[in-house]
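First the structure, in the form of structure tokens, and then the observations on it.
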Protein chains: 2
Amino acid sequence: MDLEQFTCGRRSKWLTESGPDGEIVLSSRVRLARNLRDLPFPFLANDSQTEEVLRQVGDVCRKHPESFAAFSFMPLKEIPAPLRQVLVEERLISPLLIREARNSALLLHTADDISIMVNEEDHLRLQCLLPGLQLEKALQEAGKYDDLLEQELDFAFHEEWGYLTACPTNVGTGLRASVMVHLPGLVLTGQLGRVLSAVTQVGLTVRGLHGEGSEMGGNLVQISNQVTLGQSEEEIVRNLHVVTRQILEQEMQARRLLLNEGEDFIADRVNRALGLLRHARLLSAGEAFQHLSDVKLGVDLGLLDSVPPQVQKELMVIQSPACLQLAAGKELTELECNRERSRIIRQHLQ
Amino acid sequence: MDLEQFTCGRRSKWLTESGPDGEIVLSSRVRLARNLRDLPFPFLANDSQTEEVLRQVGDVCRKHPESFAAFSFMPLKEIPAPLRQVLVEERLISPLLIREARNSALLLHTADDISIMVNEEDHLRLQCLLPGLQLEKALQEAGKYDDLLEQELDFAFHEEWGYLTACPTNVGTGLRASVMVHLPGLVLTGQLGRVLSAVTQVGLTVRGLHGEGSEMGGNLVQISNQVTLGQSEEEIVRNLHVVTRQILEQEMQARRLLLNEGEDFIADRVNRALGLLRHARLLSAGEAFQHLSDVKLGVDLGLLDSVPPQVQKELMVIQSPACLQLAAGKELTELECNRERSRIIRQHLQ
């Protein structure tokens with residue numbers, strides 16, 4: 001159990017490190033949905049059935065201590081509410097896992113961003129998150145643990161349909177691959193709508209930072225595959241990789257346009273954002289998010305040289321109400337959150 | 001002729017120094033209008049008549065070299081246009097003197113803010129400008145030179161009406177006394193309208209920074225006497241002094257209210273203003289003016305300790321287009337002005 005480690009500043013690698021094309025692609029994520037053959041899906045299962053899922057997963061861990069040595073096994077109900085929320089903010093668990101905490105558990109790698117959620121929508125959800133555009137590597141990493149689990153557990157698998165899942169949209173590979181991209185250039189040149197509409201036409205889905213239904217704040221967009229059936233895992237990941245590269249090209253082109261046709265204005269914009277973040281005493285999450293996006297753009301364009309390049313990515317998460325309350329060790333009013341958020345951001349950007 | 005001195009950074013004392021109640025009262029001004037008895041007012045005079053005015057004033061200066069040693073005598077047409085504009089911005093001459101430059105001249109004290117305009121609306125306009133609330137001292141200073149001129153020149157004076165002037169509103173004492181006050185507290189608490197309406201009801205006039213018809217930017221207000229007739233010079237000045245003290249009290253009360261009921265918000269506001277001024281790359285005059293007003297409020301309230309207290313007053317003037325163009329030595333586009341303005345402000349506020 002690594003609660004201590006979390007509250008004392010463990011930060012996900014995707015937040016603190018960069019990867020290939022990391023200026024624009026903040027992270028790559030691969031998630032596999034798996035279910036045990038002889039037990040009902042969690043939303044239909046009774047307590048003893050979900051306990052049975054937990055027991056079987058625990059057995060695998062105990063049987064392969066070398067493979068799972070780096071993982072912490074945490075029953076969800078033992079994780080304090082603010083910390084759960086932080087895990088969501090860092091995208092290591094889903095909001096659903098919190099809402100359905102009954103007999104749910106989390107297997108979390110203590111160093112890498114690999115997590116296995118037990119009794120979420122499916123019995124098992126394996127996720128690997130990496131900084132930058134590294135979908136294939138994320139698939140390999142997740143696949144490694146998937147293979148290990150599959151050796152020991154009897155997964156619900158249909159010859160024709162593939163892996164069976166609680167929601168039909170995941171049937172087949174059970175794979176959801178996604179990238180989180182930062183597209184301020186396309187936003188500022190008014191091209192984002194056109195680009196995203198092209199993306200959805202090739203069978204991909206566009207979402208905000210925290211998945212389905214979440215807002216598209218800070219010029220951040222998540223793009224993921226919609227289809228899990230009729231394509232191999234490698235094809236799905238390859239397709240998303242190719243589209244992401246194309247979006248990346250268009251974003252780069254938009255940024256060149258901004259520099260060529262209005263450097264004064266863009267330099268003014270990113271410097272103002274930095275000035276506000278360095279000086280404001282009250283910042284709402286939404287405002288901070290937008291300014292952090294501008295600051296990141298400024299760093300990427302070489303217009304701001306006094307800011308560490310990864311700081312904005314980390315700040316996007318640590319300024320969330322959950323992180324602020326966890327750090328403060330108590331509930332905070334909105335005013336207190338805004339005050340604390342601005343203090344932390346000032347501290348990091350001085 | 002002190003052109004050199006001006007372009008190389010002479011700054012008016014009212015801008016660089018503070019005086020009594022100087023946090024709120026930026027300056028006190030006394031101006032006396034005088035005309036020569038046997039010559040028509042400038043707007044009715046022909047060239048030889050305005051030349052005659054110039055000649056007579058010149059004679060007085062030559063006759064009293066010790067009194068006028070510290071003055072520079074500058075025919076208006078010899079002062080380059082950008083410098084004239086800067087003299088207006090520093091409130092040492094009136095916009096009218098520029099518009100009617102024919103045979104006009106300026107006698108300007110090289111150290112103190114005492115100026116004598118020749119052939120403006122009246123033959124002579126003597127002005128003394130001091131930092132802070134020092135109306136009586138300004139009247140004494142102006143009076144000293146008025147007495148000297150009156151010894152030598154035959155002023156148009158009517159037993160019943162007093163000094164005669166080109167515009168009937170100046171007849172009598174020929175005195176206009178004014179204060180420039182910074183009232184962000186009354187603006188932010190929504191009380192300015194009420195206070196100014198009370199001020200006009202006691203026979204005073206309210207104007208923006210550059211006199212009649214100018215905008216009320218940066219929470220700065222000029223208050224001056226409307227009546228010049230039927231009151232002694234001392235009464236006029238005393239009355240304005242008393243009203244100014246009352247406004248000052250109300251402004252202080254408004255500031256206490258801001259601190260007591262919303263210190264977070266006011267601290268946020270003034271820090272944001274400082275952040276923007278320290279970081280922006282393009283600043284319009286209007287925006288800069290507003291932020292400078294907020295920064296000054298922050299300094300006055302003790303919320304910003306890293307800013308020299310007089311810097312904002314000076315910046316209010318040196319960021320004007322005329323000053324920027326004079327410093328650059330060439331005409332500037334609006335974009336260039338905004339860029340240069342932000343550069344100078346950044347430099348001063350680091």
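Chain identifiers are assigned as A, B, and so on, following the order in which chains appear in the structure tokens; residues are numbered from 1 within each chain, and ligands are numbered from 1 in order of appearance.
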- Name all residues at most 9 Å from segment 122-125 of chain B (count only C-alpha atoms; drop same-chain ones fewer than 3 positions away) and give them as a PyMOL selection string. chain B and resi 31-36+39-43+50+53-54+57+115-119+165-167
Convert the current residue selection to file output with N, CA and C atoms, as an mmCIF file, in the first residue's frame.
```cif
data_model
loop_
_atom_site.group_PDB
_atom_site.id
_atom_site.type_symbol
_atom_site.label_atom_id
_atom_site.label_comp_id
_atom_site.auth_asym_id
_atom_site.auth_seq_id
_atom_site.Cartn_x
_atom_site.Cartn_y
_atom_site.Cartn_z
ATOM 1 N N ARG B 31 -2.953 78.417 -11.701
ATOM 2 C CA ARG B 31 -2.668 79.120 -12.952
ATOM 3 C C ARG B 31 -3.330 80.497 -12.924
ATOM 4 N N LEU B 32 -2.556 81.535 -13.286
ATOM 5 C CA LEU B 32 -3.074 82.901 -13.310
ATOM 6 C C LEU B 32 -3.110 83.411 -14.748
ATOM 7 N N ALA B 33 -4.233 83.998 -15.148
ATOM 8 C CA ALA B 33 -4.369 84.564 -16.501
ATOM 9 C C ALA B 33 -4.220 86.084 -16.422
ATOM 10 N N ARG B 34 -3.319 86.614 -17.237
ATOM 11 C CA ARG B 34 -3.068 88.070 -17.232
ATOM 12 C C ARG B 34 -2.984 88.579 -18.666
ATOM 13 N N ASN B 35 -3.410 89.841 -18.865
ATOM 14 C CA ASN B 35 -3.330 90.440 -20.192
ATOM 15 C C ASN B 35 -2.782 91.862 -20.097
ATOM 16 N N LEU B 36 -2.134 92.289 -21.183
ATOM 17 C CA LEU B 36 -1.599 93.658 -21.227
ATOM 18 C C LEU B 36 -2.726 94.607 -21.632
ATOM 19 N N LEU B 39 -3.215 96.091 -25.527
ATOM 20 C CA LEU B 39 -3.139 95.206 -26.695
ATOM 21 C C LEU B 39 -4.338 94.261 -26.708
ATOM 22 N N PRO B 40 -4.852 93.962 -27.924
ATOM 23 C CA PRO B 40 -6.005 93.041 -27.983
ATOM 24 C C PRO B 40 -5.614 91.641 -27.504
ATOM 25 N N PHE B 41 -6.622 90.902 -27.028
ATOM 26 C CA PHE B 41 -6.376 89.503 -26.638
ATOM 27 C C PHE B 41 -5.786 88.751 -27.834
ATOM 28 N N PRO B 42 -4.981 87.732 -27.608
ATOM 29 C CA PRO B 42 -4.284 87.048 -28.713
ATOM 30 C C PRO B 42 -5.183 86.661 -29.889
ATOM 31 N N PHE B 43 -6.368 86.136 -29.631
ATOM 32 C CA PHE B 43 -7.198 85.673 -30.763
ATOM 33 C C PHE B 43 -7.716 86.826 -31.616
ATOM 34 N N THR B 50 0.998 90.614 -31.279
ATOM 35 C CA THR B 50 1.476 89.492 -30.456
ATOM 36 C C THR B 50 2.996 89.573 -30.285
ATOM 37 N N VAL B 53 3.696 91.778 -27.424
ATOM 38 C CA VAL B 53 3.551 91.087 -26.136
ATOM 39 C C VAL B 53 4.852 90.352 -25.801
ATOM 40 N N LEU B 54 5.336 89.599 -26.795
ATOM 41 C CA LEU B 54 6.576 88.847 -26.608
ATOM 42 C C LEU B 54 7.717 89.773 -26.197
ATOM 43 N N VAL B 57 7.419 91.042 -22.582
ATOM 44 C CA VAL B 57 7.757 89.980 -21.609
ATOM 45 C C VAL B 57 9.273 89.764 -21.594
ATOM 46 N N SER B 115 5.758 77.476 -15.168
ATOM 47 C CA SER B 115 5.811 77.848 -16.581
ATOM 48 C C SER B 115 4.982 79.095 -16.833
ATOM 49 N N ILE B 116 5.463 79.889 -17.765
ATOM 50 C CA ILE B 116 4.711 81.077 -18.174
ATOM 51 C C ILE B 116 4.476 80.970 -19.673
ATOM 52 N N MET B 117 3.211 80.812 -20.061
ATOM 53 C CA MET B 117 2.873 80.746 -21.479
ATOM 54 C C MET B 117 2.556 82.152 -21.972
ATOM 55 N N VAL B 118 3.132 82.483 -23.112
ATOM 56 C CA VAL B 118 2.888 83.806 -23.688
ATOM 57 C C VAL B 118 2.060 83.633 -24.971
ATOM 58 N N ASN B 119 1.038 84.485 -25.108
ATOM 59 C CA ASN B 119 0.143 84.414 -26.269
ATOM 60 C C ASN B 119 -0.538 83.056 -26.414
ATOM 61 N N THR B 165 -9.878 89.068 -18.908
ATOM 62 C CA THR B 165 -9.321 87.914 -19.618
ATOM 63 C C THR B 165 -10.085 87.651 -20.907
ATOM 64 N N ALA B 166 -9.449 86.888 -21.827
ATOM 65 C CA ALA B 166 -10.045 86.619 -23.133
ATOM 66 C C ALA B 166 -11.376 85.889 -22.985
ATOM 67 N N CYS B 167 -11.430 84.985 -22.039
ATOM 68 C CA CYS B 167 -12.677 84.256 -21.804
ATOM 69 C C CYS B 167 -13.294 84.763 -20.512
#
```
Any chance you could tabulate, as a tab-separated table, the residues of chain B at most 8 Å from chain A with each one's nearest atom pair and distance in Å to one decimal, using only C-alpha atoms, in chain and rising number order?
```
residue	atom	partner	partner_atom	distance
B:Asp264	CA	A:Arg281	CA	7.1
B:Phe265	CA	A:Leu282	CA	7.3
B:Ala267	CA	A:Arg281	CA	6.5
B:Asp268	CA	A:Arg281	CA	4.3
B:Arg269	CA	A:Ala280	CA	7.4
B:Asn271	CA	A:His279	CA	5.2
B:Arg272	CA	A:Ala280	CA	4.9
B:Leu274	CA	A:His279	CA	7.3
B:Gly275	CA	A:Gly275	CA	4.3
B:Leu276	CA	A:Gly275	CA	5.4
B:Arg278	CA	A:Gly275	CA	6.8
B:His279	CA	A:Gly275	CA	5.2
B:Ala280	CA	A:Arg272	CA	4.9
B:Arg281	CA	A:Asp268	CA	4.3
B:Leu282	CA	A:Asp268	CA	5.8
```
- Query: Any idea what's packed within 7 Å of segment 141-151 of chain B, counting only C-alpha atoms, ignoring anything in its chain fewer than 3 positions away? Could you give it as a ChimeraX atom specification?
  - Reply: /B:60,126-128,137-138,154-155
- What does the distance from atom CA of Pro95 of chain A to atom CA of Ser72 of chain A come to in Å, to one decimal?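 If I compute the distance from atom CA of Pro95 of chain A to atom CA of Ser72 of chain A, I get 19.5 Å.
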- Message: Using only C-alpha atoms, which protein or nucleic acid residues come within 10 Å of Thr169 of chain A? Drop anything in the same chain fewer than 5 positions from it, and give the result as number ranges by chain.
- Response: A: 164, 174-176, 226-229
- Apply DSSP to the structure's backbone, then extract all residues of segment 96-236 of chain B labelled strand (DSSP E) and return them as a VMD selection string. chain B and resid 105 to 109 114 to 118 124 to 131 157 to 158 162 to 163 175 to 182 204 to 207 220 to 225
- Mind the document's chain letters and residue numbers, and return as number ranges by chain the residues of segment 9-191 of chain A that DSSP labels helix (DSSP H, G or I). A: 13-16, 42-44, 47-63, 65-68, 76-78, 81-89, 95-99, 135-152, 168-170, 184-188
- Note on the structure: Counting only C-alpha atoms, closest pick from B:Gln231, B:Gln191, B:Gln290, B:Ser197 relative to Gly217 of chain B is B:Gln290
- Task: Give the answer as one residue: which of B:Leu153, B:Ala322, B:Val221, B:Val179 has the shortest atom-to-atom distance to Arg37 of chain B, using only C-alpha atoms?
- Result: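 Checking each candidate against Arg37 of chain B, we get B:Leu153 as the closest.
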- Item | segment 98-112 of chain B environment, 10 Å, only C-alpha atoms, sequence neighbours closer than 4 positions dropped, as a ChimeraX atom specification | /B:1-2,5-6,10-14,42-43,46-54,57-58,61,68-79,81,84-85,87-88,92-94,116-121,123-130
Selection: 12 Å around Gln325 of chain B, only C-alpha atoms, excl. self and same-chain fewer than 3 positions, as a compact mmCIF listing (two decimals) with all heavy atoms, in the first residue's frame:
```txt
# COMPACT_ATOMS: atom_id res chain seq x y z
N THR B 7 14.94 66.21 -23.92
CA THR B 7 14.97 64.93 -24.62
C THR B 7 15.85 63.94 -23.87
O THR B 7 15.74 62.76 -24.06
CB THR B 7 15.47 65.11 -26.05
OG1 THR B 7 16.66 65.90 -26.01
CG2 THR B 7 14.45 65.80 -26.92
N PRO B 80 10.35 71.42 -31.34
CA PRO B 80 9.86 70.38 -32.25
C PRO B 80 8.53 69.80 -31.78
O PRO B 80 8.28 69.71 -30.57
CB PRO B 80 10.95 69.30 -32.21
CG PRO B 80 12.12 69.91 -31.52
CD PRO B 80 11.61 71.05 -30.69
N ALA B 81 7.71 69.41 -32.76
CA ALA B 81 6.34 68.96 -32.46
C ALA B 81 6.27 67.86 -31.38
O ALA B 81 5.45 67.96 -30.47
CB ALA B 81 5.64 68.52 -33.73
N PRO B 82 7.12 66.82 -31.46
CA PRO B 82 6.98 65.77 -30.43
C PRO B 82 7.27 66.29 -29.03
O PRO B 82 6.60 65.93 -28.06
CB PRO B 82 8.03 64.72 -30.83
CG PRO B 82 8.55 65.09 -32.16
CD PRO B 82 8.16 66.50 -32.45
N LEU B 83 8.24 67.21 -28.93
CA LEU B 83 8.58 67.76 -27.62
C LEU B 83 7.45 68.63 -27.08
O LEU B 83 7.13 68.60 -25.88
CB LEU B 83 9.88 68.58 -27.72
CG LEU B 83 10.40 69.18 -26.42
CD1 LEU B 83 10.48 68.15 -25.31
CD2 LEU B 83 11.76 69.83 -26.64
N ARG B 84 6.82 69.39 -28.00
CA ARG B 84 5.65 70.18 -27.57
C ARG B 84 4.61 69.26 -26.94
O ARG B 84 4.03 69.57 -25.90
CB ARG B 84 4.98 70.84 -28.78
CG ARG B 84 5.74 71.97 -29.37
CD ARG B 84 4.88 72.57 -30.49
NE ARG B 84 5.73 73.22 -31.48
CZ ARG B 84 5.30 73.68 -32.64
NH1 ARG B 84 4.03 73.55 -32.98
NH2 ARG B 84 6.12 74.27 -33.47
N GLN B 85 4.40 68.12 -27.62
CA GLN B 85 3.37 67.20 -27.14
C GLN B 85 3.75 66.64 -25.76
O GLN B 85 2.90 66.48 -24.89
CB GLN B 85 3.19 66.08 -28.17
CG GLN B 85 1.97 65.21 -27.95
CD GLN B 85 0.67 66.00 -27.86
OE1 GLN B 85 0.43 66.91 -28.66
NE2 GLN B 85 -0.16 65.69 -26.87
N VAL B 86 5.05 66.40 -25.59
CA VAL B 86 5.51 65.90 -24.29
C VAL B 86 5.27 66.94 -23.20
O VAL B 86 4.87 66.62 -22.08
CB VAL B 86 6.99 65.49 -24.36
CG1 VAL B 86 7.54 65.21 -22.96
CG2 VAL B 86 7.16 64.27 -25.24
N ILE B 318 5.33 58.82 -19.31
CA ILE B 318 6.34 58.45 -20.31
C ILE B 318 5.88 57.36 -21.26
O ILE B 318 6.55 57.06 -22.22
CB ILE B 318 7.70 58.05 -19.67
CG1 ILE B 318 7.57 56.76 -18.86
CG2 ILE B 318 8.27 59.16 -18.84
CD1 ILE B 318 8.92 56.26 -18.40
N GLN B 319 4.71 56.77 -20.99
CA GLN B 319 4.22 55.78 -21.95
C GLN B 319 3.26 56.39 -22.97
O GLN B 319 2.66 55.68 -23.75
CB GLN B 319 3.58 54.61 -21.21
CG GLN B 319 2.58 54.99 -20.16
CD GLN B 319 1.15 54.72 -20.59
OE1 GLN B 319 0.86 54.46 -21.74
NE2 GLN B 319 0.24 54.81 -19.64
N SER B 320 3.11 57.71 -22.98
CA SER B 320 2.23 58.34 -23.97
C SER B 320 2.89 58.27 -25.34
O SER B 320 4.11 58.25 -25.45
CB SER B 320 1.99 59.79 -23.58
OG SER B 320 3.14 60.55 -23.89
N PRO B 321 2.08 58.23 -26.40
CA PRO B 321 2.65 58.13 -27.75
C PRO B 321 3.71 59.21 -28.01
O PRO B 321 4.76 58.93 -28.58
CB PRO B 321 1.44 58.33 -28.66
CG PRO B 321 0.27 57.86 -27.85
CD PRO B 321 0.61 58.21 -26.42
N ALA B 322 3.45 60.46 -27.56
CA ALA B 322 4.41 61.54 -27.81
C ALA B 322 5.76 61.23 -27.17
O ALA B 322 6.82 61.37 -27.79
CB ALA B 322 3.87 62.86 -27.29
N ALA B 328 12.11 57.45 -29.20
CA ALA B 328 12.55 56.65 -30.34
C ALA B 328 13.19 57.52 -31.42
O ALA B 328 13.90 57.03 -32.30
CB ALA B 328 11.37 55.88 -30.92
N GLY B 329 12.90 58.81 -31.37
CA GLY B 329 13.47 59.71 -32.39
C GLY B 329 12.82 59.56 -33.75
O GLY B 329 13.37 59.96 -34.77
N LYS B 330 11.64 58.97 -33.79
CA LYS B 330 10.93 58.85 -35.07
C LYS B 330 9.45 58.59 -34.83
O LYS B 330 9.04 58.26 -33.72
CB LYS B 330 11.52 57.70 -35.89
CG LYS B 330 11.46 56.34 -35.19
CD LYS B 330 11.87 55.20 -36.11
CE LYS B 330 11.68 53.88 -35.37
NZ LYS B 330 12.00 52.72 -36.16
N GLU B 331 8.68 58.72 -35.90
CA GLU B 331 7.26 58.40 -35.80
C GLU B 331 7.10 56.90 -35.62
O GLU B 331 7.86 56.12 -36.19
CB GLU B 331 6.51 58.84 -37.05
CG GLU B 331 6.02 60.28 -36.95
CD GLU B 331 4.89 60.56 -37.94
OE1 GLU B 331 3.97 59.74 -38.06
OE2 GLU B 331 4.97 61.61 -38.61
N LEU B 332 6.12 56.51 -34.84
CA LEU B 332 5.89 55.08 -34.60
C LEU B 332 4.46 54.73 -35.00
O LEU B 332 3.55 55.53 -34.81
CB LEU B 332 6.09 54.76 -33.11
CG LEU B 332 7.48 55.04 -32.50
CD1 LEU B 332 7.44 54.81 -30.99
CD2 LEU B 332 8.55 54.17 -33.14
N THR B 333 4.30 53.53 -35.57
CA THR B 333 2.94 53.04 -35.82
C THR B 333 2.31 52.68 -34.48
O THR B 333 3.00 52.61 -33.45
CB THR B 333 2.95 51.77 -36.69
OG1 THR B 333 3.61 50.73 -35.96
CG2 THR B 333 3.68 52.01 -38.01
N GLU B 334 1.01 52.40 -34.51
CA GLU B 334 0.33 52.04 -33.26
C GLU B 334 0.93 50.76 -32.67
O GLU B 334 1.17 50.67 -31.47
CB GLU B 334 -1.17 51.86 -33.51
CG GLU B 334 -1.97 51.81 -32.22
CD GLU B 334 -3.45 51.52 -32.44
OE1 GLU B 334 -3.95 51.83 -33.54
OE2 GLU B 334 -4.08 50.97 -31.53
N GLU B 336 3.97 49.64 -33.12
CA GLU B 336 5.30 49.97 -32.57
C GLU B 336 5.18 50.69 -31.23
O GLU B 336 5.95 50.45 -30.31
CB GLU B 336 6.09 50.82 -33.58
CG GLU B 336 6.56 50.03 -34.79
CD GLU B 336 7.10 50.94 -35.91
OE1 GLU B 336 6.68 52.12 -35.99
OE2 GLU B 336 7.91 50.46 -36.71
N CYS B 337 4.20 51.59 -31.15
CA CYS B 337 3.97 52.29 -29.88
C CYS B 337 3.63 51.28 -28.78
O CYS B 337 4.18 51.34 -27.68
CB CYS B 337 2.79 53.26 -30.01
SG CYS B 337 3.29 54.94 -30.40
N ASN B 338 2.73 50.36 -29.10
CA ASN B 338 2.31 49.38 -28.08
C ASN B 338 3.47 48.50 -27.65
O ASN B 338 3.59 48.13 -26.49
CB ASN B 338 1.16 48.52 -28.63
CG ASN B 338 -0.13 49.31 -28.78
OD1 ASN B 338 -0.22 50.45 -28.30
ND2 ASN B 338 -1.11 48.74 -29.45
N ARG B 339 4.33 48.17 -28.61
CA ARG B 339 5.49 47.33 -28.31
C ARG B 339 6.49 48.10 -27.44
O ARG B 339 6.98 47.61 -26.42
CB ARG B 339 6.15 46.90 -29.63
CG ARG B 339 7.04 45.69 -29.49
CD ARG B 339 7.92 45.55 -30.71
NE ARG B 339 7.22 45.06 -31.88
CZ ARG B 339 7.42 45.51 -33.12
NH1 ARG B 339 8.30 46.48 -33.35
NH2 ARG B 339 6.76 45.00 -34.13
N GLU B 340 6.75 49.34 -27.84
CA GLU B 340 7.71 50.19 -27.13
C GLU B 340 7.20 50.53 -25.73
O GLU B 340 7.97 50.53 -24.76
CB GLU B 340 7.91 51.47 -27.97
CG GLU B 340 9.13 52.28 -27.64
CD GLU B 340 10.42 51.49 -27.63
OE1 GLU B 340 10.49 50.40 -28.23
OE2 GLU B 340 11.37 51.98 -26.98
N ARG B 341 5.91 50.81 -25.64
CA ARG B 341 5.31 51.12 -24.35
C ARG B 341 5.49 49.95 -23.38
O ARG B 341 5.91 50.13 -22.24
CB ARG B 341 3.81 51.41 -24.54
CG ARG B 341 3.04 51.60 -23.25
CD ARG B 341 1.57 51.91 -23.52
NE ARG B 341 1.44 53.17 -24.24
CZ ARG B 341 0.97 53.29 -25.47
NH1 ARG B 341 0.55 52.21 -26.12
NH2 ARG B 341 0.91 54.47 -26.05
```
- Would you mind reading off the distance between atom CA of Leu258 of chain A and atom CA of Leu292 of chain A, one decimal, in Å?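 Separating atom CA of Leu258 of chain A from atom CA of Leu292 of chain A is a distance of 18.1 Å.
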